[in-house]
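Structure file data_37.csv (CSV, C-alpha atoms and all ligand atoms) is printed below.
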```
chain,number,residue,atom,x,y,z
A,1,MET,CA,-14.8,4.8,-35.0
A,2,PRO,CA,-16.1,4.3,-31.4
A,3,ALA,CA,-15.5,0.8,-29.9
A,4,THR,CA,-18.4,-1.6,-29.8
A,5,GLN,CA,-19.7,-3.1,-26.5
A,6,SER,CA,-18.2,-6.4,-27.4
A,7,GLN,CA,-14.8,-4.9,-28.2
A,8,ILE,CA,-14.9,-3.1,-24.8
A,9,ALA,CA,-15.9,-6.4,-23.1
A,10,LEU,CA,-13.0,-8.2,-24.8
A,11,LEU,CA,-10.5,-5.5,-23.7
A,12,ARG,CA,-11.9,-5.7,-20.1
A,13,TRP,CA,-11.3,-9.4,-20.2
A,14,TYR,CA,-7.8,-9.0,-21.4
A,15,VAL,CA,-7.1,-6.6,-18.5
A,16,GLU,CA,-8.6,-9.0,-16.1
A,17,MET,CA,-6.3,-11.7,-17.5
A,18,GLY,CA,-3.3,-9.5,-16.9
A,19,ALA,CA,-2.8,-8.4,-20.5
A,20,ASP,CA,-2.9,-4.7,-19.5
A,21,GLU,CA,-0.3,-3.4,-21.9
A,22,SER,CA,-0.2,-3.0,-25.7
A,23,ILE,CA,3.1,-4.0,-27.2
A,24,GLY,CA,2.5,-3.1,-30.8
A,25,TRP,CA,0.1,-1.2,-33.1
A,26,GLU,CA,-0.6,-4.1,-35.4
A,27,ALA,CA,-2.7,-7.1,-34.3
A,28,GLN,CA,-0.8,-10.3,-34.7
A,29,ASP,CA,-2.4,-13.5,-35.7
A,30,ARG,CA,-0.1,-16.0,-33.9
A,31,LEU,CA,-2.1,-19.0,-35.1
A,32,ALA,CA,-1.6,-18.2,-38.9
A,33,PRO,CA,0.8,-20.4,-40.8
A,34,LYS,CA,4.3,-19.0,-40.8
A,35,ARG,CA,5.3,-17.1,-44.0
A,36,PRO,CA,8.9,-17.5,-45.3
A,37,PRO,CA,11.0,-14.8,-43.8
A,38,ALA,CA,11.2,-11.5,-45.8
A,39,ALA,CA,14.6,-10.3,-47.0
A,40,PRO,CA,16.5,-9.0,-43.9
A,41,ILE,CA,16.5,-5.2,-43.3
A,42,VAL,CA,20.1,-4.2,-42.4
A,43,ARG,CA,20.3,-1.6,-39.8
A,44,PRO,CA,23.5,-0.2,-38.1
A,45,ALA,CA,24.1,-2.2,-35.0
A,46,ALA,CA,22.7,-0.4,-31.9
A,47,PRO,CA,25.0,-0.3,-28.9
A,48,VAL,CA,23.9,-3.0,-26.5
A,49,ALA,CA,22.9,-1.6,-23.1
A,50,ALA,CA,25.0,-3.2,-20.3
A,51,GLU,CA,23.0,-5.4,-18.0
A,52,ARG,CA,22.7,-3.7,-14.7
A,53,GLU,CA,21.2,-5.0,-11.5
A,54,PRO,CA,19.5,-3.1,-9.9
A,55,ASP,CA,18.3,-0.5,-12.5
A,56,PHE,CA,19.1,3.1,-11.9
A,57,ALA,CA,16.2,5.5,-12.2
A,58,PRO,CA,17.0,8.9,-13.6
A,59,ALA,CA,17.3,11.6,-11.1
A,60,ILE,CA,14.7,14.3,-11.6
A,61,THR,CA,16.7,17.2,-13.0
A,62,SER,CA,16.0,19.7,-10.3
A,63,LEU,CA,13.5,21.1,-7.8
A,64,ALA,CA,14.8,24.6,-8.5
A,65,GLY,CA,12.0,27.2,-8.3
A,66,HIS,CA,9.4,24.7,-7.0
A,67,PRO,CA,8.0,25.3,-3.5
A,68,ALA,CA,9.2,21.8,-2.6
A,69,GLU,CA,12.7,23.0,-2.7
A,70,ALA,CA,12.5,25.3,0.3
A,71,ALA,CA,11.1,22.7,2.7
A,72,THR,CA,13.7,21.4,5.2
A,73,THR,CA,11.4,19.2,7.3
A,74,LEU,CA,8.4,17.0,6.6
A,75,ALA,CA,6.2,19.5,8.5
A,76,GLU,CA,7.4,22.3,6.2
A,77,LEU,CA,6.8,20.1,3.2
A,78,GLU,CA,3.3,19.4,4.3
A,79,GLU,CA,2.7,23.1,4.8
A,80,ALA,CA,4.1,23.8,1.3
A,81,VAL,CA,1.8,21.1,-0.2
A,82,ARG,CA,-1.2,22.5,1.5
A,83,ALA,CA,-0.4,26.0,0.3
A,84,PHE,CA,0.3,24.9,-3.3
A,85,GLU,CA,-2.0,26.3,-5.9
A,86,GLY,CA,-0.2,24.7,-8.9
A,87,CYS,CA,-2.4,21.6,-9.3
A,88,ALA,CA,-6.0,22.1,-10.5
A,89,LEU,CA,-7.2,19.0,-8.6
A,90,LYS,CA,-7.0,20.9,-5.4
A,91,ARG,CA,-10.1,22.9,-6.5
A,92,THR,CA,-12.3,19.9,-6.8
A,93,ALA,CA,-11.0,18.0,-3.8
A,94,THR,CA,-12.4,18.1,-0.3
A,95,ASN,CA,-9.1,17.5,1.5
A,96,THR,CA,-5.4,17.6,0.8
A,97,VAL,CA,-4.1,14.1,1.5
A,98,PHE,CA,-0.4,14.3,2.4
A,99,ALA,CA,0.7,11.1,4.2
A,100,ASP,CA,0.0,8.7,7.0
A,101,GLY,CA,2.2,6.6,9.2
A,102,ILE,CA,5.5,7.2,11.0
A,103,ARG,CA,7.7,10.1,9.8
A,104,GLY,CA,11.2,8.8,9.2
A,105,ALA,CA,10.0,5.2,8.9
A,106,PRO,CA,12.3,2.7,7.1
A,107,LEU,CA,9.7,1.8,4.5
A,108,MET,CA,7.9,4.4,2.4
A,109,ILE,CA,5.0,3.4,0.2
A,110,ILE,CA,4.1,5.6,-2.7
A,111,GLY,CA,0.6,5.1,-4.3
A,112,GLU,CA,-1.2,6.9,-7.0
A,113,ALA,CA,-3.8,9.3,-5.8
A,114,PRO,CA,-6.5,9.7,-3.1
A,115,GLY,CA,-9.9,8.1,-3.8
A,116,ALA,CA,-13.2,9.0,-2.4
A,117,ASP,CA,-12.6,7.7,1.1
A,118,GLU,CA,-9.1,9.3,1.3
A,119,ASP,CA,-10.5,12.6,0.1
A,120,ARG,CA,-13.3,12.5,2.7
A,121,LEU,CA,-10.9,11.6,5.6
A,122,GLY,CA,-7.7,13.4,4.4
A,123,LYS,CA,-5.5,10.2,4.8
A,124,PRO,CA,-4.0,8.0,2.1
A,125,PHE,CA,-5.1,4.4,1.6
A,126,VAL,CA,-8.0,4.2,4.1
A,127,GLY,CA,-10.6,2.6,1.7
A,128,ARG,CA,-10.7,-1.1,0.6
A,129,SER,CA,-7.4,-1.0,-1.2
A,130,GLY,CA,-5.9,0.6,1.9
A,131,GLN,CA,-7.2,-2.2,4.1
A,132,LEU,CA,-5.6,-4.7,1.7
A,133,LEU,CA,-2.3,-2.7,1.7
A,134,ASP,CA,-2.4,-2.8,5.6
A,135,ARG,CA,-2.7,-6.6,5.5
A,136,MET,CA,0.1,-6.9,2.9
A,137,LEU,CA,2.4,-4.8,5.1
A,138,ALA,CA,1.4,-6.7,8.2
A,139,ALA,CA,2.4,-10.0,6.5
A,140,ILE,CA,6.0,-8.8,6.4
A,141,GLY,CA,6.0,-7.1,9.8
A,142,PHE,CA,5.2,-3.5,8.8
A,143,SER,CA,2.4,-1.1,9.7
A,144,ARG,CA,1.6,2.5,9.5
A,145,GLN,CA,1.4,2.6,13.3
A,146,SER,CA,4.9,1.4,13.8
A,147,ASN,CA,7.4,1.4,10.9
A,148,ALA,CA,5.8,2.4,7.6
A,149,TYR,CA,5.0,5.7,6.0
A,150,ILE,CA,2.4,6.0,3.2
A,151,THR,CA,1.9,8.7,0.6
A,152,ASN,CA,0.8,9.2,-3.0
A,153,ILE,CA,2.1,10.8,-6.2
A,154,LEU,CA,-0.9,13.2,-6.1
A,155,PHE,CA,-2.2,14.9,-3.0
A,156,TRP,CA,-5.7,15.6,-4.3
A,157,ARG,CA,-8.3,13.2,-5.6
A,158,PRO,CA,-8.8,13.2,-9.4
A,159,PRO,CA,-12.6,13.7,-10.0
A,160,GLY,CA,-14.3,10.3,-10.4
A,161,ASN,CA,-11.0,8.6,-9.6
A,162,ARG,CA,-9.9,9.1,-13.2
A,163,LYS,CA,-6.2,8.5,-14.1
A,164,PRO,CA,-4.0,11.5,-13.2
A,165,THR,CA,-2.8,13.5,-16.2
A,166,GLY,CA,0.8,14.1,-17.0
A,167,ASP,CA,0.5,17.8,-16.0
A,168,GLU,CA,-1.0,16.9,-12.6
A,169,ILE,CA,1.8,14.4,-12.0
A,170,ALA,CA,4.5,16.9,-13.1
A,171,ALA,CA,3.1,19.6,-10.8
A,172,CYS,CA,3.2,17.3,-7.8
A,173,LEU,CA,6.3,15.2,-8.5
A,174,PRO,CA,8.9,17.6,-7.0
A,175,PHE,CA,7.0,17.3,-3.7
A,176,VAL,CA,7.3,13.5,-3.9
A,177,TRP,CA,11.1,13.6,-4.5
A,178,ARG,CA,11.5,16.1,-1.6
A,179,HIS,CA,9.2,13.8,0.5
A,180,ILE,CA,11.7,11.0,0.0
A,181,ALA,CA,14.7,13.2,0.7
A,182,LEU,CA,13.2,14.4,4.0
A,183,GLY,CA,11.6,11.1,5.0
A,184,ARG,CA,14.9,9.2,4.4
A,185,PRO,CA,13.3,5.8,4.1
A,186,ARG,CA,15.7,2.8,3.7
A,187,LEU,CA,13.4,1.3,1.0
A,188,VAL,CA,10.5,2.6,-1.1
A,189,LEU,CA,7.6,0.5,-2.4
A,190,LEU,CA,6.2,1.9,-5.6
A,191,SER,CA,2.6,0.7,-5.5
A,192,GLY,CA,1.1,0.4,-9.0
A,193,GLY,CA,1.8,1.5,-12.5
A,194,THR,CA,1.2,5.3,-12.1
A,195,ALA,CA,3.6,5.7,-9.2
A,196,THR,CA,6.2,3.4,-10.9
A,197,ALA,CA,6.0,5.2,-14.3
A,198,ALA,CA,6.2,8.6,-12.6
A,199,MET,CA,9.1,7.9,-10.3
A,200,LEU,CA,11.1,5.8,-12.7
A,201,ASP,CA,10.2,7.8,-15.8
A,202,ARG,CA,9.7,4.5,-17.7
A,203,SER,CA,7.1,3.8,-20.4
A,204,GLU,CA,6.9,0.0,-19.8
A,205,GLY,CA,3.8,-1.1,-18.0
A,206,ILE,CA,3.8,-2.3,-14.4
A,207,THR,CA,3.6,-5.9,-15.6
A,208,ARG,CA,7.1,-5.6,-17.0
A,209,LEU,CA,8.5,-3.6,-14.1
A,210,ARG,CA,7.1,-5.2,-11.0
A,211,GLY,CA,9.3,-7.4,-8.9
A,212,ARG,CA,12.5,-5.4,-9.9
A,213,TRP,CA,14.7,-3.2,-7.8
A,214,PHE,CA,15.5,0.3,-8.9
A,215,GLU,CA,17.8,2.8,-7.4
A,216,LEU,CA,16.2,6.2,-6.9
A,217,GLN,CA,18.7,9.0,-7.2
A,218,VAL,CA,17.0,11.5,-4.9
A,219,PRO,CA,18.1,15.1,-5.0
A,220,GLY,CA,19.5,16.0,-1.6
A,221,LEU,CA,20.5,12.5,-0.6
A,222,ASP,CA,24.0,11.2,-1.1
A,223,ARG,CA,23.0,7.6,-1.6
A,224,PRO,CA,20.4,6.1,-3.9
A,225,VAL,CA,17.3,4.7,-2.3
A,226,PRO,CA,16.3,1.1,-3.4
A,227,ALA,CA,12.8,1.0,-4.7
A,228,MET,CA,10.6,-2.1,-5.5
A,229,ALA,CA,7.9,-1.7,-8.1
A,230,SER,CA,4.8,-3.8,-7.5
A,231,TYR,CA,1.1,-4.1,-8.3
A,232,HIS,CA,-1.4,-1.7,-6.7
A,233,PRO,CA,-3.8,-3.2,-4.1
A,234,SER,CA,-6.8,-2.0,-6.1
A,235,PHE,CA,-5.6,-4.1,-9.0
A,236,LEU,CA,-5.3,-7.1,-6.7
A,237,LEU,CA,-8.8,-6.6,-5.5
A,238,ARG,CA,-9.9,-6.9,-9.1
A,239,THR,CA,-7.4,-9.6,-10.0
A,240,PRO,CA,-6.8,-11.8,-6.9
A,241,ALA,CA,-4.9,-14.3,-9.0
A,242,ARG,CA,-2.0,-11.9,-9.1
A,243,LYS,CA,-1.5,-11.8,-5.3
A,244,SER,CA,1.2,-14.4,-5.4
A,245,GLU,CA,3.4,-12.1,-7.5
A,246,VAL,CA,3.0,-9.3,-4.9
A,247,TRP,CA,3.7,-11.8,-2.1
A,248,ARG,CA,7.1,-12.5,-3.8
A,249,ASP,CA,7.7,-8.7,-4.0
A,250,LEU,CA,6.9,-8.3,-0.3
A,251,LEU,CA,9.3,-11.2,0.6
A,252,ALA,CA,12.0,-9.5,-1.4
A,253,ILE,CA,11.5,-6.3,0.6
A,254,GLN,CA,11.6,-8.2,3.8
A,255,ALA,CA,14.8,-10.0,2.7
A,256,LYS,CA,16.4,-6.7,1.7
A,257,PHE,CA,15.7,-5.3,5.2
A,258,ASP,CA,17.1,-8.5,6.8
A,259,GLU,CA,20.3,-8.4,4.7
A,260,SER,CA,21.0,-4.8,5.4
A,261,GLY,CA,20.4,-5.2,9.1
B,301,LIG,N1,-5.2,4.4,-4.1
B,301,LIG,C1,-4.0,5.1,-4.0
B,301,LIG,O1,-3.2,5.0,-4.9
B,301,LIG,N2,-3.9,5.9,-3.0
B,301,LIG,C2,-4.7,6.0,-2.0
B,301,LIG,O2,-4.5,6.8,-1.1
B,301,LIG,C3,-5.9,5.3,-2.1
B,301,LIG,C4,-6.2,4.5,-3.1
```

Could you quickly redo this structure as structure tokens?
Amino acid sequence: MPATQSQIALLRWYVEMGADESIGWEAQDRLAPKRPPAAPIVRPAAPVAAEREPDFAPAITSLAGHPAEAATTLAELEEAVRAFEGCALKRTATNTVFADGIRGAPLMIIGEAPGADEDRLGKPFVGRSGQLLDRMLAAIGFSRQSNAYITNILFWRPPGNRKPTGDEIAACLPFVWRHIALGRPRLVLLSGGTATAAMLDRSEGITRLRGRWFELQVPGLDRPVPAMASYHPSFLLRTPARKSEVWRDLLAIQAKFDESG
């Protein structure tokens, strides 16, 4: 049955309030009087996962056979992305949006996908969310003109800015891993739920994952690269009340740079 206008409005309000993830299929009435507990269901004890800080993200299995594999410099990688015909989004996009900023910068930011402004200009994060990203970076002493490098999971705009599909992400992801291997950043900022889920291969929403450090096991690099997951600037434009959480994430990035010299 299609959702009614009032159901859609209620869902929008939940998202605005930060409840952007469903954690169960059944609606729970938490105000209902508590029933006596049902007889316990006995299940074999599951092994308890060891607590680990930071989390390790799974390495992508291999780049074998993907055009990303052959690139040995960022210039070659850009050429390979521009020549790539394996992502249907390229057909509807005006421009390929590869990256902006300083090649080899210590901080690499990975967003979701180009929007209308980025598609028109061929550069990532140049619209309203890009301006906010620039201000966020400036607050901790970074900029694309001096020490930051910005890219996306996808190099072409999804029509109407829709969410990227799993196939589109899978087609582009080997380029992103190679991008990190060749850019050799000291830290990565995963900006938003799409970049976070794609790079960490995690199903939890960004609300659960933000503010945490992960170790990216990048094929071709002998040491893992620390990555912080955080909210996307376009989410912050819609939900300014969440800016304080991102501020904490930015301070954690700054502190990590400071502590590693
Ligand atoms: N949002 C993104 O994730 N990337 C861009 O380049 C622009 C907006």

Excluding same-chain residues fewer than 5 positions from A:Trp177, what lies within 10 Å of it counting only C-alpha atoms, as a PyMOL selection string? chain A and resi 59-60+62-63+68-69+153+172+182-183+199+216-220

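When the distance limit is 6 Å and all atoms listed in the file are what count, the residues near A:Met228, minus those fewer than 5 positions from it on the same chain, are Leu189, Leu190, Arg212 and Trp213 of chain A.
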
Kindly provide the residues of chain A that approach ligand LIG 301 (chain B) to within 8 Å, each paired with its closest atom pair and their distance in Å to one decimal, based on only C-alpha atoms and all ligand atoms, listed by chain and increasing number, as a Markdown table.
```
| residue | atom | partner | partner_atom | distance |
| --- | --- | --- | --- | --- |
| A:Val97 | CA | B:LIG301 | O2 | 7.8 |
| A:Ile110 | CA | B:LIG301 | O1 | 7.6 |
| A:Gly111 | CA | B:LIG301 | O1 | 3.8 |
| A:Glu112 | CA | B:LIG301 | O1 | 3.5 |
| A:Ala113 | CA | B:LIG301 | N2 | 4.4 |
| A:Pro114 | CA | B:LIG301 | O2 | 4.1 |
| A:Gly115 | CA | B:LIG301 | C3 | 5.2 |
| A:Asp117 | CA | B:LIG301 | C3 | 7.8 |
| A:Glu118 | CA | B:LIG301 | O2 | 5.8 |
| A:Lys123 | CA | B:LIG301 | O2 | 6.9 |
| A:Pro124 | CA | B:LIG301 | O2 | 3.5 |
| A:Phe125 | CA | B:LIG301 | O2 | 3.7 |
| A:Val126 | CA | B:LIG301 | C3 | 6.6 |
| A:Gly127 | CA | B:LIG301 | C3 | 6.6 |
| A:Ser129 | CA | B:LIG301 | C4 | 5.9 |
| A:Gly130 | CA | B:LIG301 | C3 | 6.2 |
| A:Thr151 | CA | B:LIG301 | O2 | 6.9 |
| A:Asn152 | CA | B:LIG301 | N2 | 5.7 |
| A:Ile153 | CA | B:LIG301 | O1 | 8.0 |
| A:Ser191 | CA | B:LIG301 | O1 | 7.2 |
| A:Gly192 | CA | B:LIG301 | O1 | 7.5 |
| A:His232 | CA | B:LIG301 | O1 | 7.2 |
| A:Pro233 | CA | B:LIG301 | N1 | 7.7 |
| A:Ser234 | CA | B:LIG301 | N1 | 6.9 |
```

Please indicate the distance in Å from atom CA of A:Leu74 to atom CA of A:Arg128, rounded to one decimal place.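 Atom-to-atom, atom CA of A:Leu74 to atom CA of A:Arg128, that is 27.0 Å.
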
Which residue, A:Leu121, A:Leu250, A:Leu137, A:Leu107, has the smallest gap to A:Arg186 when you use all atoms listed in the file?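 Residue with the minimum atom-to-atom distance to A:Arg186: A:Leu107.
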
Take atom CA of A:Asp119 and atom CA of A:Asp100 and report the distance between them in Å, one decimal. 13.2 Å

To one decimal place in Å, what is the distance between atom CA of A:Arg184 and atom CA of A:Ala75? 14.1 Å

Find the residues around A:Arg210 up to 9 Å (all atoms listed in the file counted), leave out those fewer than 3 positions away in its own chain, and share them as a ChimeraX atom specification. /A:190,192-193,196,205-207,213,228-231,245-246,249

Name the closest residue to A:Pro159 among the candidates A:Thr94, A:Ser244, A:Thr73, A:Gln254; distances are taken between atoms, counting only C-alpha atoms.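 Going through A:Thr94, A:Ser244, A:Thr73, A:Gln254 one by one, the smallest distance to A:Pro159 is for A:Thr94.
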
Which residues, written as an mmCIF file with C-alpha atoms, in the coordinates of the input, have at least one atom at most 8 Å from A:Phe175, with all atoms listed in the file counted and residues fewer than 4 positions away on the same chain left out?
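After the write, part_3.cif holds the following:
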```cif
data_model
loop_
_atom_site.group_PDB
_atom_site.id
_atom_site.type_symbol
_atom_site.label_atom_id
_atom_site.label_comp_id
_atom_site.auth_asym_id
_atom_site.auth_seq_id
_atom_site.Cartn_x
_atom_site.Cartn_y
_atom_site.Cartn_z
ATOM 1 C CA ALA A 68 9.200 21.800 -2.600
ATOM 2 C CA LEU A 77 6.800 20.100 3.200
ATOM 3 C CA VAL A 81 1.800 21.100 -0.200
ATOM 4 C CA HIS A 179 9.200 13.800 0.500
#
```

Among the residues A:Leu221, A:Gly65, A:Lys256, A:Arg103, the one that comes closest to A:Arg178 [using all atoms listed in the file]: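 Selected residue with least distance to A:Arg178: A:Leu221.
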
Closest of A:Pro174, A:Pro240, A:Gly141, A:Gly160 to A:Ala255 - atom-to-atom distances counting only C-alpha atoms: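 Looking only at the distances to A:Ala255, the closest residue turns out to be A:Gly141.
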
Residues within 10 Å of A:Asp55, please, as JSON, numbers by chain. Count only C-alpha atoms; anything in the same chain fewer than 3 positions from it doesn't count. {"A": [51, 52, 58, 200, 212, 213, 214, 215, 216, 226, 227]}

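Shortest atom-to-atom contact with A:Asp222 among A:Ala181, A:Arg248, A:Ile150, A:Thr72: A:Ala181, counting all atoms listed in the file.
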
Find the residues with any atom within 8 Å of (-9.7, 17.8, -3.0); use all atoms listed in the file and the coordinates as given in the file, and write the answer as a PDB file with C-alpha atoms, in the frame of the given file.
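And here is the file that came out, result-v6.pdb:
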```
ATOM      1  CA  LEU A  89      -7.200  19.000  -8.600  1.00  0.00           C
ATOM      2  CA  LYS A  90      -7.000  20.900  -5.400  1.00  0.00           C
ATOM      3  CA  ARG A  91     -10.100  22.900  -6.500  1.00  0.00           C
ATOM      4  CA  THR A  92     -12.300  19.900  -6.800  1.00  0.00           C
ATOM      5  CA  ALA A  93     -11.000  18.000  -3.800  1.00  0.00           C
ATOM      6  CA  THR A  94     -12.400  18.100  -0.300  1.00  0.00           C
ATOM      7  CA  ASN A  95      -9.100  17.500   1.500  1.00  0.00           C
ATOM      8  CA  THR A  96      -5.400  17.600   0.800  1.00  0.00           C
ATOM      9  CA  ASP A 119     -10.500  12.600   0.100  1.00  0.00           C
ATOM     10  CA  TRP A 156      -5.700  15.600  -4.300  1.00  0.00           C
ATOM     11  CA  ARG A 157      -8.300  13.200  -5.600  1.00  0.00           C
ATOM     12  CA  PRO A 158      -8.800  13.200  -9.400  1.00  0.00           C
TER      13      PRO A 158
END
```

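For the choices A:Lys243, A:Arg202, A:Arg82, A:His66, the atom-to-atom distance to A:Phe155 is smallest for A:Arg82 when using only C-alpha atoms.
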
For stretch 81-101 of chain A of the block above, can you save N, CA, C and O atoms as a PDB file, in the first residue's frame?
```
ATOM      1  N   VAL A  81      40.033   6.733 -14.912  1.00  0.00           N
ATOM      2  CA  VAL A  81      38.643   7.043 -14.541  1.00  0.00           C
ATOM      3  C   VAL A  81      37.939   7.692 -15.732  1.00  0.00           C
ATOM      4  O   VAL A  81      36.812   7.331 -16.097  1.00  0.00           O
ATOM      5  N   ARG A  82      38.625   8.638 -16.371  1.00  0.00           N
ATOM      6  CA  ARG A  82      37.999   9.347 -17.487  1.00  0.00           C
ATOM      7  C   ARG A  82      37.708   8.418 -18.666  1.00  0.00           C
ATOM      8  O   ARG A  82      36.757   8.624 -19.417  1.00  0.00           O
ATOM      9  N   ALA A  83      38.532   7.382 -18.812  1.00  0.00           N
ATOM     10  CA  ALA A  83      38.340   6.455 -19.938  1.00  0.00           C
ATOM     11  C   ALA A  83      37.363   5.322 -19.601  1.00  0.00           C
ATOM     12  O   ALA A  83      36.983   4.541 -20.469  1.00  0.00           O
ATOM     13  N   PHE A  84      36.961   5.238 -18.344  1.00  0.00           N
ATOM     14  CA  PHE A  84      36.168   4.092 -17.866  1.00  0.00           C
ATOM     15  C   PHE A  84      34.745   4.142 -18.430  1.00  0.00           C
ATOM     16  O   PHE A  84      34.094   5.187 -18.390  1.00  0.00           O
ATOM     17  N   GLU A  85      34.282   3.011 -18.942  1.00  0.00           N
ATOM     18  CA  GLU A  85      32.915   2.949 -19.477  1.00  0.00           C
ATOM     19  C   GLU A  85      32.062   1.991 -18.664  1.00  0.00           C
ATOM     20  O   GLU A  85      30.977   1.595 -19.086  1.00  0.00           O
ATOM     21  N   GLY A  86      32.528   1.608 -17.473  1.00  0.00           N
ATOM     22  CA  GLY A  86      31.828   0.581 -16.692  1.00  0.00           C
ATOM     23  C   GLY A  86      30.787   1.119 -15.724  1.00  0.00           C
ATOM     24  O   GLY A  86      30.234   0.350 -14.937  1.00  0.00           O
ATOM     25  N   CYS A  87      30.521   2.422 -15.764  1.00  0.00           N
ATOM     26  CA  CYS A  87      29.504   2.985 -14.863  1.00  0.00           C
ATOM     27  C   CYS A  87      28.525   3.782 -15.721  1.00  0.00           C
ATOM     28  O   CYS A  87      28.909   4.780 -16.356  1.00  0.00           O
ATOM     29  N   ALA A  88      27.264   3.350 -15.708  1.00  0.00           N
ATOM     30  CA  ALA A  88      26.261   3.940 -16.613  1.00  0.00           C
ATOM     31  C   ALA A  88      26.038   5.431 -16.351  1.00  0.00           C
ATOM     32  O   ALA A  88      25.588   6.158 -17.233  1.00  0.00           O
ATOM     33  N   LEU A  89      26.385   5.904 -15.138  1.00  0.00           N
ATOM     34  CA  LEU A  89      26.161   7.318 -14.810  1.00  0.00           C
ATOM     35  C   LEU A  89      26.933   8.244 -15.743  1.00  0.00           C
ATOM     36  O   LEU A  89      26.548   9.386 -15.951  1.00  0.00           O
ATOM     37  N   LYS A  90      28.015   7.728 -16.279  1.00  0.00           N
ATOM     38  CA  LYS A  90      28.852   8.563 -17.149  1.00  0.00           C
ATOM     39  C   LYS A  90      28.041   9.074 -18.352  1.00  0.00           C
ATOM     40  O   LYS A  90      28.263  10.185 -18.834  1.00  0.00           O
ATOM     41  N   ARG A  91      27.076   8.269 -18.800  1.00  0.00           N
ATOM     42  CA  ARG A  91      26.315   8.628 -19.999  1.00  0.00           C
ATOM     43  C   ARG A  91      25.395   9.821 -19.762  1.00  0.00           C
ATOM     44  O   ARG A  91      25.098  10.556 -20.685  1.00  0.00           O
ATOM     45  N   THR A  92      24.945   9.983 -18.537  1.00  0.00           N
ATOM     46  CA  THR A  92      24.011  11.090 -18.280  1.00  0.00           C
ATOM     47  C   THR A  92      24.718  12.306 -17.665  1.00  0.00           C
ATOM     48  O   THR A  92      24.119  13.369 -17.543  1.00  0.00           O
ATOM     49  N   ALA A  93      25.965  12.139 -17.282  1.00  0.00           N
ATOM     50  CA  ALA A  93      26.679  13.252 -16.629  1.00  0.00           C
ATOM     51  C   ALA A  93      27.289  14.180 -17.672  1.00  0.00           C
ATOM     52  O   ALA A  93      27.592  13.769 -18.798  1.00  0.00           O
ATOM     53  N   THR A  94      27.485  15.439 -17.275  1.00  0.00           N
ATOM     54  CA  THR A  94      28.149  16.407 -18.159  1.00  0.00           C
ATOM     55  C   THR A  94      29.657  16.260 -18.047  1.00  0.00           C
ATOM     56  O   THR A  94      30.373  16.325 -19.028  1.00  0.00           O
ATOM     57  N   ASN A  95      30.142  16.070 -16.835  1.00  0.00           N
ATOM     58  CA  ASN A  95      31.588  16.005 -16.589  1.00  0.00           C
ATOM     59  C   ASN A  95      31.951  14.825 -15.706  1.00  0.00           C
ATOM     60  O   ASN A  95      31.145  14.382 -14.889  1.00  0.00           O
ATOM     61  N   THR A  96      33.172  14.369 -15.831  1.00  0.00           N
ATOM     62  CA  THR A  96      33.763  13.451 -14.849  1.00  0.00           C
ATOM     63  C   THR A  96      34.322  14.325 -13.732  1.00  0.00           C
ATOM     64  O   THR A  96      35.029  15.298 -13.997  1.00  0.00           O
ATOM     65  N   VAL A  97      33.980  13.966 -12.493  1.00  0.00           N
ATOM     66  CA  VAL A  97      34.460  14.747 -11.344  1.00  0.00           C
ATOM     67  C   VAL A  97      35.444  13.858 -10.589  1.00  0.00           C
ATOM     68  O   VAL A  97      35.053  12.941  -9.877  1.00  0.00           O
ATOM     69  N   PHE A  98      36.721  14.126 -10.768  1.00  0.00           N
ATOM     70  CA  PHE A  98      37.742  13.225 -10.211  1.00  0.00           C
ATOM     71  C   PHE A  98      38.147  13.638  -8.796  1.00  0.00           C
ATOM     72  O   PHE A  98      37.970  12.875  -7.850  1.00  0.00           O
ATOM     73  N   ALA A  99      38.666  14.827  -8.642  1.00  0.00           N
ATOM     74  CA  ALA A  99      39.162  15.253  -7.322  1.00  0.00           C
ATOM     75  C   ALA A  99      39.496  16.734  -7.372  1.00  0.00           C
ATOM     76  O   ALA A  99      39.531  17.344  -8.435  1.00  0.00           O
ATOM     77  N   ASP A 100      39.721  17.294  -6.211  1.00  0.00           N
ATOM     78  CA  ASP A 100      40.204  18.678  -6.126  1.00  0.00           C
ATOM     79  C   ASP A 100      41.140  18.750  -4.926  1.00  0.00           C
ATOM     80  O   ASP A 100      41.044  17.935  -4.007  1.00  0.00           O
ATOM     81  N   GLY A 101      42.021  19.714  -4.937  1.00  0.00           N
ATOM     82  CA  GLY A 101      42.919  19.893  -3.795  1.00  0.00           C
ATOM     83  C   GLY A 101      44.337  19.480  -4.139  1.00  0.00           C
ATOM     84  O   GLY A 101      44.709  19.347  -5.300  1.00  0.00           O
TER      85      GLY A 101
END
```
